[in-house]
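Worksheet: the structure to be examined is printed underneath.
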Amino acid sequence: MTIDDIPEKYKLKKNGIELVYSGKINTAMEGCACSLASVSKELLEKIKLQDKEFIVVDTEAGVEHFGRGIEKGIDTVIAVSEPYLDSIEVAELVIKLAKEMGKKTHLIINKVPFEFKESVKEVFSKRGIKPAGMLYFYNDVYKSSILGQKPKINRVIADMNEILKNIF
């Protein structure tokens, strides 16, 4: 199947980007998320991409989706970690599991305070992890997030462009 085979009512299109939402638990006692994961896994295994098409899959934080095999139909895993020990340990496990599945891996470190960037680099280096890059902590972006406003993200875009160069 191709992206065009997905009915329009299940897609949101804007600026040449199509979003397909596979579902989430929204109410108490709704049941297990396993069926939602099964649909995502099957879609990713069966979809055939056309020239210049790619799919970005945004999963929940953690590793449960690896147990459900959602990554089976993809070729690259990009882990995102914050510079805190528990987040770093989860990112390490994500990378390990992805490599066990034969996937390419990349790591992005998010919300890094400028004054700690060298310390953060050192922590990852000691763990044998070479990040694709860092996204820095910006107070104005954080405040916009708290207020539910659209942030001014020119600096973040510049950081992300550098990361994308390292990945691609």
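To be explicit about the labels: the chains of the structure tokens are called A, B, and onward in the order shown, and within each one the residues are counted from 1, while ligands get numbers from 1 in the order they are shown.
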Run DSSP on the backbone and tell me which residues of region 73-132 of chain A come out as strand (DSSP E or B); list them as a ChimeraX atom specification. /A:76-81,104-112
Non-local contacts of region 21-32 of chain A (8 Å; only C-alpha atoms; under 4 positions in same chain excluded) as a PyMOL selection string: chain A and resi 10-11+36+39-40
May I have the residues from that selection written out with C-alpha atoms, as a compact mmCIF listing (two decimals), in the first residue's frame?
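This is the output file out-v5.txt:
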# COMPACT_ATOMS: atom_id res chain seq x y z
CA TYR A 10 -7.54 9.74 8.44
CA LYS A 11 -5.00 12.30 7.19
CA LEU A 36 -3.18 0.64 18.37
CA VAL A 39 -2.14 -1.17 13.51
CA SER A 40 0.93 1.09 13.50
Applying 10 Å and only C-alpha atoms, which residues near Tyr138 (chain A) remain after dropping the ones on its own chain fewer than 6 positions away? List them as a VMD selection string. chain A and resid 111 to 114 153 155 to 156
Skipping near chain neighbours, those fewer than 2 positions away, what residues fall within 9 Å of Ile95 (chain A) using only C-alpha atoms, listed as an NGL selection string? :A and (77-79 or 90-93 or 97-100 or 103-107)
Can I get the selection written as a compact mmCIF listing (two decimals), in the first residue's frame, with N, CA and C atoms?
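Listed below is the output, result_12.txt:
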# COMPACT_ATOMS: atom_id res chain seq x y z
N VAL A 77 16.33 4.82 13.70
CA VAL A 77 15.75 5.27 14.97
C VAL A 77 16.53 6.49 15.43
N ILE A 78 15.80 7.56 15.72
CA ILE A 78 16.41 8.76 16.27
C ILE A 78 15.90 8.88 17.71
N ALA A 79 16.81 8.66 18.66
CA ALA A 79 16.46 8.78 20.07
C ALA A 79 16.66 10.23 20.50
N VAL A 90 17.63 5.64 29.37
CA VAL A 90 16.58 5.20 28.44
C VAL A 90 17.08 5.33 27.00
N ALA A 91 17.74 6.43 26.68
CA ALA A 91 18.28 6.63 25.32
C ALA A 91 19.29 5.54 24.98
N GLU A 92 20.14 5.19 25.93
CA GLU A 92 21.10 4.10 25.71
C GLU A 92 20.38 2.80 25.38
N LEU A 93 19.30 2.52 26.12
CA LEU A 93 18.55 1.29 25.88
C LEU A 93 17.86 1.33 24.52
N LEU A 97 18.50 -1.44 21.67
CA LEU A 97 17.41 -2.23 21.09
C LEU A 97 17.31 -2.02 19.58
N ALA A 98 17.48 -0.78 19.14
CA ALA A 98 17.42 -0.48 17.71
C ALA A 98 18.55 -1.19 16.97
N LYS A 99 19.73 -1.17 17.53
CA LYS A 99 20.87 -1.85 16.90
C LYS A 99 20.66 -3.36 16.87
N GLU A 100 20.05 -3.93 17.92
CA GLU A 100 19.72 -5.36 17.92
C GLU A 100 18.80 -5.72 16.76
N LYS A 103 18.87 -1.60 13.00
CA LYS A 103 18.49 -0.25 12.57
C LYS A 103 19.65 0.72 12.72
N LYS A 104 19.71 1.71 11.84
CA LYS A 104 20.64 2.82 12.03
C LYS A 104 20.12 3.64 13.21
N THR A 105 21.04 4.25 13.96
CA THR A 105 20.62 5.03 15.12
C THR A 105 21.30 6.39 15.15
N HIS A 106 20.58 7.33 15.72
CA HIS A 106 21.10 8.68 15.96
C HIS A 106 20.54 9.14 17.30
N LEU A 107 21.25 10.03 17.94
CA LEU A 107 20.80 10.57 19.22
C LEU A 107 20.83 12.09 19.16
Report, in Å with one decimal, the straight-line distance from CA of Ala33 (chain A) to CA of Val57 (chain A).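 Going from CA of Ala33 (chain A) over to CA of Val57 (chain A) covers 16.2 Å.
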Within region 19-75 of chain A, find each residue whose DSSP state, derived from the backbone, is helix (DSSP H, G or I), and express the selection as a VMD selection string. chain A and resid 34 to 46 64 to 67 70 to 73
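Residues within 12 Å of Phe54 (chain A), counting only C-alpha atoms and excluding same-chain residues fewer than 5 positions away, are Thr2, Ile3, Ile17, Glu18, Leu19, Leu44, Ile47, Lys48, Leu49, Ile74, Asp75 and Thr76 of chain A.
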Atom-to-atom span, CA of Ile6 (chain A) and CA of Glu45 (chain A), Å: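 According to the coordinates, CA of Ile6 (chain A) and CA of Glu45 (chain A) are separated by 14.3 Å.
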